[in-house]
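J.: So here's input.pdb (PDB, C-alpha atoms and all ligand atoms).
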ATOM      1  CA  MET A   1      14.035  21.654 -17.998  1.00  0.00           C
ATOM      2  CA  THR A   2      16.086  22.756 -20.969  1.00  0.00           C
ATOM      3  CA  SER A   3      17.956  19.519 -21.636  1.00  0.00           C
ATOM      4  CA  THR A   4      16.529  16.583 -23.535  1.00  0.00           C
ATOM      5  CA  PRO A   5      14.746  14.363 -21.039  1.00  0.00           C
ATOM      6  CA  ALA A   6      16.551  11.108 -20.377  1.00  0.00           C
ATOM      7  CA  THR A   7      14.668   7.878 -20.931  1.00  0.00           C
ATOM      8  CA  PRO A   8      12.972   7.109 -17.617  1.00  0.00           C
ATOM      9  CA  THR A   9      14.221   4.010 -15.910  1.00  0.00           C
ATOM     10  CA  ALA A  10      11.953   1.349 -14.497  1.00  0.00           C
ATOM     11  CA  ALA A  11      13.066   2.363 -11.009  1.00  0.00           C
ATOM     12  CA  GLU A  12      11.946   5.950 -11.622  1.00  0.00           C
ATOM     13  CA  VAL A  13       8.559   4.796 -12.856  1.00  0.00           C
ATOM     14  CA  ARG A  14       8.234   2.526  -9.841  1.00  0.00           C
ATOM     15  CA  GLU A  15       9.045   5.473  -7.592  1.00  0.00           C
ATOM     16  CA  LEU A  16       6.220   7.448  -9.216  1.00  0.00           C
ATOM     17  CA  ALA A  17       3.943   4.500  -8.514  1.00  0.00           C
ATOM     18  CA  THR A  18       5.020   4.644  -4.870  1.00  0.00           C
ATOM     19  CA  HIS A  19       4.127   8.341  -4.776  1.00  0.00           C
ATOM     20  CA  ALA A  20       0.717   7.503  -6.227  1.00  0.00           C
ATOM     21  CA  GLU A  21       0.253   4.831  -3.535  1.00  0.00           C
ATOM     22  CA  GLU A  22       1.140   7.398  -0.883  1.00  0.00           C
ATOM     23  CA  LEU A  23      -1.336   9.841  -2.397  1.00  0.00           C
ATOM     24  CA  ALA A  24      -4.053   7.164  -2.345  1.00  0.00           C
ATOM     25  CA  ALA A  25      -3.249   6.465   1.312  1.00  0.00           C
ATOM     26  CA  ALA A  26      -3.446  10.193   2.072  1.00  0.00           C
ATOM     27  CA  ILE A  27      -6.867  10.352   0.400  1.00  0.00           C
ATOM     28  CA  ASP A  28      -8.018   7.350   2.471  1.00  0.00           C
ATOM     29  CA  ASN A  29      -6.825   9.155   5.536  1.00  0.00           C
ATOM     30  CA  LEU A  30      -8.703  12.311   4.574  1.00  0.00           C
ATOM     31  CA  ALA A  31     -11.834  10.253   3.895  1.00  0.00           C
ATOM     32  CA  GLY A  32     -11.566   8.739   7.361  1.00  0.00           C
ATOM     33  CA  VAL A  33     -11.116  12.100   9.058  1.00  0.00           C
ATOM     34  CA  LEU A  34     -14.015  13.634   7.132  1.00  0.00           C
ATOM     35  CA  SER A  35     -16.342  10.718   7.849  1.00  0.00           C
ATOM     36  CA  GLN A  36     -15.699  11.212  11.560  1.00  0.00           C
ATOM     37  CA  ALA A  37     -16.258  14.973  11.316  1.00  0.00           C
ATOM     38  CA  ASP A  38     -19.361  14.549   9.172  1.00  0.00           C
ATOM     39  CA  PRO A  39     -21.038  11.195   9.938  1.00  0.00           C
ATOM     40  CA  GLN A  40     -23.551  11.631   7.127  1.00  0.00           C
ATOM     41  CA  GLY A  41     -20.561  11.572   4.795  1.00  0.00           C
ATOM     42  CA  ARG A  42     -21.709  14.369   2.520  1.00  0.00           C
ATOM     43  CA  ALA A  43     -18.347  16.131   2.409  1.00  0.00           C
ATOM     44  CA  GLY A  44     -16.205  13.104   1.781  1.00  0.00           C
ATOM     45  CA  PHE A  45     -18.372  10.871  -0.376  1.00  0.00           C
ATOM     46  CA  ARG A  46     -16.191  11.261  -3.483  1.00  0.00           C
ATOM     47  CA  LEU A  47     -12.981  10.351  -1.732  1.00  0.00           C
ATOM     48  CA  PRO A  48     -13.139   6.544  -1.824  1.00  0.00           C
ATOM     49  CA  ASP A  49     -13.608   6.821  -5.599  1.00  0.00           C
ATOM     50  CA  ALA A  50     -10.726   9.293  -5.788  1.00  0.00           C
ATOM     51  CA  ALA A  51      -8.486   6.945  -3.817  1.00  0.00           C
ATOM     52  CA  GLY A  52      -9.518   4.107  -6.131  1.00  0.00           C
ATOM     53  CA  LEU A  53      -8.640   6.130  -9.223  1.00  0.00           C
ATOM     54  CA  VAL A  54      -5.238   7.013  -7.813  1.00  0.00           C
ATOM     55  CA  ARG A  55      -4.675   3.347  -6.914  1.00  0.00           C
ATOM     56  CA  GLN A  56      -5.541   2.471 -10.484  1.00  0.00           C
ATOM     57  CA  ALA A  57      -2.929   5.017 -11.613  1.00  0.00           C
ATOM     58  CA  ALA A  58      -0.390   3.449  -9.250  1.00  0.00           C
ATOM     59  CA  TYR A  59      -1.199   0.049 -10.719  1.00  0.00           C
ATOM     60  CA  GLU A  60      -0.772   1.285 -14.301  1.00  0.00           C
ATOM     61  CA  LEU A  61       2.540   2.903 -13.359  1.00  0.00           C
ATOM     62  CA  LEU A  62       3.718  -0.340 -11.824  1.00  0.00           C
ATOM     63  CA  GLU A  63       2.671  -2.228 -14.925  1.00  0.00           C
ATOM     64  CA  THR A  64       4.681   0.289 -16.956  1.00  0.00           C
ATOM     65  CA  ALA A  65       7.694  -0.289 -14.708  1.00  0.00           C
ATOM     66  CA  CYS A  66       7.229  -4.017 -15.307  1.00  0.00           C
ATOM     67  CA  ASP A  67       7.108  -3.445 -19.062  1.00  0.00           C
ATOM     68  CA  LEU A  68      10.393  -1.545 -18.814  1.00  0.00           C
ATOM     69  CA  ARG A  69      11.965  -4.127 -16.549  1.00  0.00           C
ATOM     70  CA  PRO A  70      10.248  -7.530 -16.711  1.00  0.00           C
ATOM     71  CA  ALA A  71      12.072  -8.670 -13.544  1.00  0.00           C
ATOM     72  CA  TYR A  72       9.689  -6.408 -11.602  1.00  0.00           C
ATOM     73  CA  ARG A  73       6.713  -8.500 -12.590  1.00  0.00           C
ATOM     74  CA  LEU A  74       5.243 -10.628  -9.791  1.00  0.00           C
ATOM     75  CA  PHE A  75       7.479  -8.833  -7.340  1.00  0.00           C
ATOM     76  CA  THR A  76       5.347  -5.874  -6.618  1.00  0.00           C
ATOM     77  CA  PHE A  77       2.532  -6.176  -4.137  1.00  0.00           C
ATOM     78  CA  CYS A  78       2.196  -7.649  -0.683  1.00  0.00           C
ATOM     79  CA  SER A  79       0.559 -11.049  -1.048  1.00  0.00           C
ATOM     80  CA  MET A  80      -1.546 -10.989   2.122  1.00  0.00           C
ATOM     81  CA  GLY A  81      -5.325 -11.132   1.819  1.00  0.00           C
ATOM     82  CA  TRP A  82      -6.134  -8.541   4.487  1.00  0.00           C
ATOM     83  CA  GLY A  83      -4.969  -5.029   5.362  1.00  0.00           C
ATOM     84  CA  VAL A  84      -2.811  -3.867   8.271  1.00  0.00           C
ATOM     85  CA  CYS A  85      -1.401  -0.576   9.521  1.00  0.00           C
ATOM     86  CA  PRO A  86       1.689   0.101   7.371  1.00  0.00           C
ATOM     87  CA  GLU A  87       3.648   0.918  10.506  1.00  0.00           C
ATOM     88  CA  HIS A  88       2.127  -1.190  13.284  1.00  0.00           C
ATOM     89  CA  GLY A  89       0.773  -4.343  11.657  1.00  0.00           C
ATOM     90  CA  SER A  90      -2.414  -6.078  12.870  1.00  0.00           C
ATOM     91  CA  THR A  91      -3.719  -3.239  14.989  1.00  0.00           C
ATOM     92  CA  LEU A  92      -6.774  -2.277  12.956  1.00  0.00           C
ATOM     93  CA  ILE A  93     -10.211  -1.724  14.403  1.00  0.00           C
ATOM     94  CA  ALA A  94     -13.289  -1.344  12.205  1.00  0.00           C
ATOM     95  CA  ALA A  95     -16.035   1.152  13.007  1.00  0.00           C
ATOM     96  CA  GLY A  96     -18.897   1.538  10.564  1.00  0.00           C
ATOM     97  CA  GLY A  97     -17.441   1.621   7.078  1.00  0.00           C
ATOM     98  CA  THR A  98     -14.046   2.873   8.235  1.00  0.00           C
ATOM     99  CA  THR A  99     -10.979   1.390   9.876  1.00  0.00           C
ATOM    100  CA  HIS A 100      -8.422   2.906  12.203  1.00  0.00           C
ATOM    101  CA  CYS A 101      -5.159   1.841  13.839  1.00  0.00           C
ATOM    102  CA  ALA A 102      -5.501   1.233  17.582  1.00  0.00           C
ATOM    103  CA  THR A 103      -1.864   2.024  18.342  1.00  0.00           C
ATOM    104  CA  PRO A 104      -1.722   5.155  20.527  1.00  0.00           C
ATOM    105  CA  GLY A 105      -0.269   8.074  18.602  1.00  0.00           C
ATOM    106  CA  CYS A 106      -0.660   6.442  15.179  1.00  0.00           C
ATOM    107  CA  GLY A 107      -3.826   8.249  14.127  1.00  0.00           C
ATOM    108  CA  ARG A 108      -4.117   6.473  10.763  1.00  0.00           C
ATOM    109  CA  THR A 109      -7.689   6.105   9.554  1.00  0.00           C
ATOM    110  CA  TRP A 110      -8.994   4.640   6.325  1.00  0.00           C
ATOM    111  CA  GLY A 111     -12.333   5.378   4.704  1.00  0.00           C
ATOM    112  CA  TYR A 112     -12.977   1.714   3.925  1.00  0.00           C
ATOM    113  CA  ARG A 113     -12.845  -1.686   5.642  1.00  0.00           C
ATOM    114  CA  ARG A 114      -9.103  -2.024   5.279  1.00  0.00           C
ATOM    115  CA  GLU A 115      -8.831  -5.040   7.593  1.00  0.00           C
ATOM    116  CA  ILE A 116     -10.908  -7.216   5.259  1.00  0.00           C
ATOM    117  CA  ALA A 117      -9.614  -5.858   1.937  1.00  0.00           C
ATOM    118  CA  PRO A 118      -6.681  -7.603   0.227  1.00  0.00           C
ATOM    119  CA  CYS A 119      -3.454  -5.816   1.091  1.00  0.00           C
ATOM    120  CA  ALA A 120      -2.556  -3.408  -1.720  1.00  0.00           C
ATOM    121  CA  GLU A 121       0.741  -2.125  -0.311  1.00  0.00           C
ATOM    122  CA  LEU A 122       4.002  -2.535  -2.189  1.00  0.00           C
ATOM    123  CA  ALA A 123       6.172  -5.450  -1.142  1.00  0.00           C
ATOM    124  CA  THR A 124       9.229  -4.356   0.826  1.00  0.00           C
ATOM    125  CA  HIS A 125      10.064  -7.576   2.681  1.00  0.00           C
ATOM    126  CA  ARG A 126       9.944 -11.303   2.230  1.00  0.00           C
ATOM    127  CA  LEU A 127       9.075 -13.972   4.749  1.00  0.00           C
ATOM    128  CA  ILE A 128      11.167 -17.095   4.386  1.00  0.00           C
ATOM    129  CA  ASP A 129       9.800 -20.369   5.696  1.00  0.00           C
ATOM    130  CA  ILE A 130       9.588 -24.004   4.672  1.00  0.00           C
ATOM    131  CA  ALA A 131       6.897 -23.142   2.140  1.00  0.00           C
ATOM    132  CA  GLY A 132       9.290 -20.760   0.363  1.00  0.00           C
ATOM    133  CA  GLU A 133       9.086 -16.996   0.104  1.00  0.00           C
ATOM    134  CA  THR A 134       6.105 -14.765   0.717  1.00  0.00           C
ATOM    135  CA  LEU A 135       6.277 -11.108  -0.274  1.00  0.00           C
ATOM    136  CA  LEU A 136       5.144  -8.705   2.423  1.00  0.00           C
ATOM    137  CA  CYS A 137       4.642  -4.982   2.850  1.00  0.00           C
ATOM    138  CA  ALA A 138       6.249  -3.168   5.774  1.00  0.00           C
ATOM    139  CA  GLY A 139       3.154  -3.591   7.997  1.00  0.00           C
ATOM    140  CA  HIS A 140       2.832  -7.319   7.357  1.00  0.00           C
ATOM    141  CA  ALA A 141       6.592  -7.654   7.897  1.00  0.00           C
ATOM    142  CA  VAL A 142       6.069  -6.221  11.414  1.00  0.00           C
ATOM    143  CA  ASP A 143       3.464  -8.924  12.079  1.00  0.00           C
ATOM    144  CA  ALA A 144       5.596 -11.720  10.665  1.00  0.00           C
ATOM    145  CA  ARG A 145       8.554 -10.609  12.793  1.00  0.00           C
ATOM    146  CA  ASN A 146       6.362 -10.403  15.891  1.00  0.00           C
ATOM    147  CA  SER A 147       5.304 -13.991  15.373  1.00  0.00           C
ATOM    148  CA  GLY A 148       8.922 -15.104  15.066  1.00  0.00           C
ATOM    149  CA  GLY A 149       9.163 -15.369  11.279  1.00  0.00           C
ATOM    150  CA  ARG A 150      12.384 -14.929   9.344  1.00  0.00           C
ATOM    151  CA  VAL A 151      11.884 -11.651   7.480  1.00  0.00           C
ATOM    152  CA  GLU A 152      14.362 -10.035   5.138  1.00  0.00           C
ATOM    153  CA  PRO A 153      14.260  -6.788   3.175  1.00  0.00           C
ATOM    154  CA  PHE A 154      13.170  -7.269  -0.400  1.00  0.00           C
ATOM    155  CA  THR A 155      14.142  -5.286  -3.469  1.00  0.00           C
ATOM    156  CA  PRO A 156      13.012  -6.400  -6.911  1.00  0.00           C
TER     157      PRO A 156
HETATM  158 ZN    ZN A 201      -0.671   2.347  13.176  1.00  0.00          ZN
HETATM  159 ZN    ZN A 202       0.663  -6.188   3.402  1.00  0.00          ZN
END
As structure tokens - that is how I would like this structure written.

T.:
Amino acid sequence: MTSTPATPTAAEVRELATHAEELAAAIDNLAGVLSQADPQGRAGFRLPDAAGLVRQAAYELLETACDLRPAYRLFTFCSMGWGVCPEHGSTLIAAGGTTHCATPGCGRTWGYRREIAPCAELATHRLIDIAGETLLCAGHAVDARNSGGRVEPFTP
């Protein structure tokens, strides 16, 4: 890094936010694995907080991207009020305070009740119906497609 840094673009900041989201998801996953290995939860008790802090960072990064490029505003998060598996859709099963995907071979686990928490994934698709457009993450797009909805890729 010898050259003068270029001004970051909104897209670059948004990409950082995506990395932070992925990190938060990885921490959730770790929390889930640890809570299964150690049901008393001593080893993993800090992780939900850690995931929350990283999600907060992702949110602030997204806000920054929106400040740099106002067109990003309102076009960021999935608008569904419950969580799904980012790959398989409505396949979540709750057990205790954790949630896992029931799809064989998926293995995703979250250290919180993801299926009742508002979806916090980034919007990657939109569902088009008579009511207009609804922004969806990849997992909710799978569901919408499975139920016959018209789903298109979405880029802010
Ligand atoms: Zn899955
Ligand atoms: Zn979603």

J.: Using the chain letters and residue numbers of this document, give as a PyMOL selection string the residues selected by the PyMOL selection byres (((chain A and resi 93-102) around 9) and not hetatm).

T.: chain A and resi 31-32+35+84-85+88-92+103-115

J.: Using all atoms listed in the file, which residue out of A:Thr18, A:Thr124, A:Thr7, A:Thr155 lies closest to ligand ZN 202 (chain A)?

T.: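 With all atoms listed in the file as the atom set, the closest residue is A:Thr124.
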
J.: Please evaluate the PyMOL selection byres (((chain A and resi 78-81) around 12) and not hetatm) against the structure above and give the resulting residues as a count of residues only.

T.: 36

J.: One decimal, Å: what's the distance from CA of Asp129 (chain A) over to CA of Glu15 (chain A), could you say?

T.: 29.1 Å

J.: So the first atom is CA of Asn146 (chain A) and the second is CA of Ala24 (chain A); what is the distance between them in Å, to one decimal place?

T.: 27.4 Å

J.: Written as a ChimeraX atom specification, which residues does the PyMOL selection byres (((chain A and resi 45-56) around 7) and not hetatm) give for the file shown?

T.: /A:20-21,24,27-28,31,41-44,57-60,111

J.: Could you tell me how far CA of Ile128 (chain A) sits from CA of Ser147 (chain A), in Å to one decimal place?

T.: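 So the answer is 12.8 Å.
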
J.: Near Glu63 (chain A), counting all atoms listed in the file, which residues have an atom at most 10 Å away, once you skip same-chain residues fewer than 4 positions from it, shown as a list of chain:residue names?

T.: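 Non-adjacent residues within range: A:Ala10, A:Val13, A:Arg14, A:Ala17, A:Ala57, A:Ala58, A:Tyr59, A:Asp67, A:Leu68, A:Arg69, A:Pro70, A:Tyr72, A:Arg73, A:Thr76.
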
J.: Between A:Glu12, A:Glu87, A:Glu22, A:Asp38, which residue has the minimum interatomic distance to Cys66 (chain A), considering only C-alpha atoms?

T.: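 Among the listed residues, the smallest separation from Cys66 (chain A) belongs to A:Glu12.
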
J.: Kindly reconstruct region 28-45 of chain A with N, CA and C atoms and present the result as a PDB file, in the frame of the given file.

T.:
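This is the output file result20.pdb:
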ATOM      1  N   ASP A  28      -7.306   8.227   1.526  1.00  0.00           N
ATOM      2  CA  ASP A  28      -8.018   7.350   2.471  1.00  0.00           C
ATOM      3  C   ASP A  28      -8.080   7.991   3.846  1.00  0.00           C
ATOM      4  N   ASN A  29      -6.930   8.532   4.226  1.00  0.00           N
ATOM      5  CA  ASN A  29      -6.825   9.155   5.536  1.00  0.00           C
ATOM      6  C   ASN A  29      -7.800  10.329   5.647  1.00  0.00           C
ATOM      7  N   LEU A  30      -7.800  11.160   4.615  1.00  0.00           N
ATOM      8  CA  LEU A  30      -8.703  12.311   4.574  1.00  0.00           C
ATOM      9  C   LEU A  30     -10.160  11.845   4.640  1.00  0.00           C
ATOM     10  N   ALA A  31     -10.468  10.781   3.892  1.00  0.00           N
ATOM     11  CA  ALA A  31     -11.834  10.253   3.895  1.00  0.00           C
ATOM     12  C   ALA A  31     -12.232   9.824   5.307  1.00  0.00           C
ATOM     13  N   GLY A  32     -11.293   9.192   6.002  1.00  0.00           N
ATOM     14  CA  GLY A  32     -11.566   8.739   7.361  1.00  0.00           C
ATOM     15  C   GLY A  32     -11.824   9.907   8.297  1.00  0.00           C
ATOM     16  N   VAL A  33     -10.975  10.920   8.196  1.00  0.00           N
ATOM     17  CA  VAL A  33     -11.116  12.100   9.058  1.00  0.00           C
ATOM     18  C   VAL A  33     -12.441  12.796   8.783  1.00  0.00           C
ATOM     19  N   LEU A  34     -12.763  12.957   7.492  1.00  0.00           N
ATOM     20  CA  LEU A  34     -14.015  13.634   7.132  1.00  0.00           C
ATOM     21  C   LEU A  34     -15.229  12.838   7.585  1.00  0.00           C
ATOM     22  N   SER A  35     -15.155  11.501   7.495  1.00  0.00           N
ATOM     23  CA  SER A  35     -16.342  10.718   7.849  1.00  0.00           C
ATOM     24  C   SER A  35     -16.568  10.766   9.356  1.00  0.00           C
ATOM     25  N   GLN A  36     -15.494  11.034  10.124  1.00  0.00           N
ATOM     26  CA  GLN A  36     -15.699  11.212  11.560  1.00  0.00           C
ATOM     27  C   GLN A  36     -16.279  12.591  11.860  1.00  0.00           C
ATOM     28  N   ALA A  37     -15.790  13.600  11.094  1.00  0.00           N
ATOM     29  CA  ALA A  37     -16.258  14.973  11.316  1.00  0.00           C
ATOM     30  C   ALA A  37     -17.694  15.150  10.824  1.00  0.00           C
ATOM     31  N   ASP A  38     -18.056  14.381   9.802  1.00  0.00           N
ATOM     32  CA  ASP A  38     -19.361  14.549   9.172  1.00  0.00           C
ATOM     33  C   ASP A  38     -19.953  13.155   8.949  1.00  0.00           C
ATOM     34  N   PRO A  39     -20.596  12.599  10.005  1.00  0.00           N
ATOM     35  CA  PRO A  39     -21.038  11.195   9.938  1.00  0.00           C
ATOM     36  C   PRO A  39     -21.972  10.896   8.766  1.00  0.00           C
ATOM     37  N   GLN A  40     -22.686  11.906   8.278  1.00  0.00           N
ATOM     38  CA  GLN A  40     -23.551  11.631   7.127  1.00  0.00           C
ATOM     39  C   GLN A  40     -22.742  11.462   5.843  1.00  0.00           C
ATOM     40  N   GLY A  41     -21.473  11.852   5.896  1.00  0.00           N
ATOM     41  CA  GLY A  41     -20.561  11.572   4.795  1.00  0.00           C
ATOM     42  C   GLY A  41     -20.771  12.419   3.569  1.00  0.00           C
ATOM     43  N   ARG A  42     -21.462  13.577   3.727  1.00  0.00           N
ATOM     44  CA  ARG A  42     -21.709  14.369   2.520  1.00  0.00           C
ATOM     45  C   ARG A  42     -20.417  14.967   1.969  1.00  0.00           C
ATOM     46  N   ALA A  43     -19.545  15.432   2.876  1.00  0.00           N
ATOM     47  CA  ALA A  43     -18.347  16.131   2.409  1.00  0.00           C
ATOM     48  C   ALA A  43     -17.354  15.191   1.753  1.00  0.00           C
ATOM     49  N   GLY A  44     -17.290  13.967   2.243  1.00  0.00           N
ATOM     50  CA  GLY A  44     -16.205  13.104   1.781  1.00  0.00           C
ATOM     51  C   GLY A  44     -16.626  11.992   0.846  1.00  0.00           C
ATOM     52  N   PHE A  45     -17.869  12.060   0.317  1.00  0.00           N
ATOM     53  CA  PHE A  45     -18.372  10.871  -0.376  1.00  0.00           C
ATOM     54  C   PHE A  45     -17.620  10.537  -1.662  1.00  0.00           C
TER      55      PHE A  45
END
